[in-house]
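The next block holds one structure in the form of structure tokens; read it before the comments.
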Amino acid sequence: MDLKEFNILLCCTGSVATIKLPELIEQIEQLQYEFNKIMIINLNVVMTKHAFHFVPDLPHKPNIRFYSDDDEWISWEKRGDPVLHIELSKWCDIIVLAPLDANTLAKLATGLCDNLLTCILRAWDFSKPILFCPAMNTKMWNHPITKSHINTLKSWGYEEIPCVSKTLMCGDTGLGAMAEVDTIKSEIKKRISRVSLL
């Protein structure tokens with residue numbers, strides 16, 4: 001029996017929660033063992049310029065490609081060449097935005113697409129799932145525009161994995177922390193399970 005393939009694109013933005021990227025990758029890789037007999041799970045990562053600040057030493061994963069804005073421009077030289085943000089939006093079966101910072105949230109909700117990550121999302125096919133995990137300071141979370149932006153994304157088909165309340169890296173305590181890695185893994189697993197049953 002031929003195994004199905006499920007392609008995950010993990011997108012990280014300039015939130016301090018990006019320090020959890022190595023842990024999140026490890027947890028997603030564990031899903032391969034859980035679906036070993038029915039599914040091949042592929043993972044690639046797209047990072048904004050500021051996301052790299054929080055993970056200066058990327059985990060060495062020969063089977064995972066880490067994409068930056070530079071890759072968008074390097075990959076295109078002439079008419080007819082593939083456009084990376086279109087190719088990635090076609091390649092993946094799910095996008096997981098973890099973490100989604102306040103800045104990129106605002107860009108997505110207003111249609112801006114000025115980097116690789118936001119261009120991929122602007123070209124998204126909403127027949128496929130897209131999960132997002134907000135992460136920001138409590139004061140930013142409580143700003144009135146945040147709820148409006150989140151509701152806009154959800155009205156288009158984005159699925160929220162809600163933030164949690166805890167003591168943040170800045171020392172403030174309250175809502176705004178990215179959902180726990182186990183929670184994110186569980187939500188991804190649910191989407192893979194749906195595909196495996198088709």
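Here's how to read the names in the structure tokens: chain A, B, ... by the order shown, residue numbers from 1 in each chain, ligand numbers from 1 in the order shown.
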*Name the residues in contact with Gly176 of chain A at a cut-off of 9 Å, using only C-alpha atoms, excluding same-chain residues fewer than 4 positions from it; report them as a ChimeraX atom specification.*
/A:134-142,162-166,168
Selection near Trp91 of chain A, 9 Å with only C-alpha atoms, sequence-local residues under 4 positions removed, as a compact mmCIF listing (two decimals) with N, CA and C atoms, in the first residue's frame:
# COMPACT_ATOMS: atom_id res chain seq x y z
N ASN A 7 2.16 17.34 4.19
CA ASN A 7 3.21 18.37 4.22
C ASN A 7 2.82 19.51 5.15
N ILE A 8 3.67 19.76 6.12
CA ILE A 8 3.43 20.80 7.12
C ILE A 8 4.41 21.95 6.90
N LEU A 9 3.88 23.17 6.84
CA LEU A 9 4.72 24.36 6.77
C LEU A 9 4.56 25.12 8.08
N ILE A 86 4.40 31.00 -3.98
CA ILE A 86 3.33 30.23 -4.61
C ILE A 86 3.61 28.74 -4.51
N GLU A 87 4.86 28.36 -4.75
CA GLU A 87 5.22 26.94 -4.69
C GLU A 87 5.01 26.37 -3.28
Using only C-alpha atoms, find each residue in segment 84-161 of chain A having at least one atom no more than 10 Å away from segment 40-62 of chain A; report its shortest atom-to-atom pair and that distance in Å (one decimal), rows by chain then rising number, as CSV.
residue,atom,partner,partner_atom,distance
A:Leu88,CA,A:Asn44,CA,9.3
A:Cys92,CA,A:Leu43,CA,8.7
A:Asp93,CA,A:Asn42,CA,9.8
A:Ile95,CA,A:Val45,CA,9.7
A:Val96,CA,A:Val45,CA,9.5
A:Leu97,CA,A:Val46,CA,9.5
A:Pro99,CA,A:Ala51,CA,9.3
A:Asp101,CA,A:Ala51,CA,9.8
A:Thr104,CA,A:Thr48,CA,9.3
A:Asn115,CA,A:Thr48,CA,7.3
A:Leu116,CA,A:Thr48,CA,7.5
A:Leu117,CA,A:Val46,CA,6.4
A:Thr118,CA,A:Thr48,CA,9.1
A:Ile120,CA,A:Val46,CA,9.6
Can you write out the residues you just picked, keeping C-alpha atoms, as a compact mmCIF listing (two decimals), in the first residue's frame?
# COMPACT_ATOMS: atom_id res chain seq x y z
CA LEU A 88 5.22 26.65 -0.89
CA CYS A 92 1.87 22.24 2.06
CA ASP A 93 -1.31 20.59 3.31
CA ILE A 95 0.20 25.93 7.71
CA VAL A 96 0.94 26.32 11.39
CA LEU A 97 1.70 29.90 12.43
CA PRO A 99 4.13 31.98 17.07
CA ASP A 101 3.28 38.06 16.73
CA THR A 104 2.36 39.91 11.50
CA ASN A 115 7.83 39.16 3.11
CA LEU A 116 7.91 35.48 2.20
CA LEU A 117 5.64 34.41 5.06
CA THR A 118 2.89 36.96 4.43
CA ILE A 120 2.47 32.60 1.25
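Distances from A:Val181, A:Val83, A:Ile145, A:Leu131 to Ile161 of chain A were compared using only C-alpha atoms, and the smallest one belongs to A:Leu131.
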*Which neighbours of Glu159 of chain A fall inside 12 Å, counting only C-alpha atoms, when residues of the same chain fewer than 2 positions from it are skipped, and could you give them as a VMD selection string?*
chain A and resid 94 to 97 126 128 to 134 150 to 157 161 to 162 184 187 to 188 191
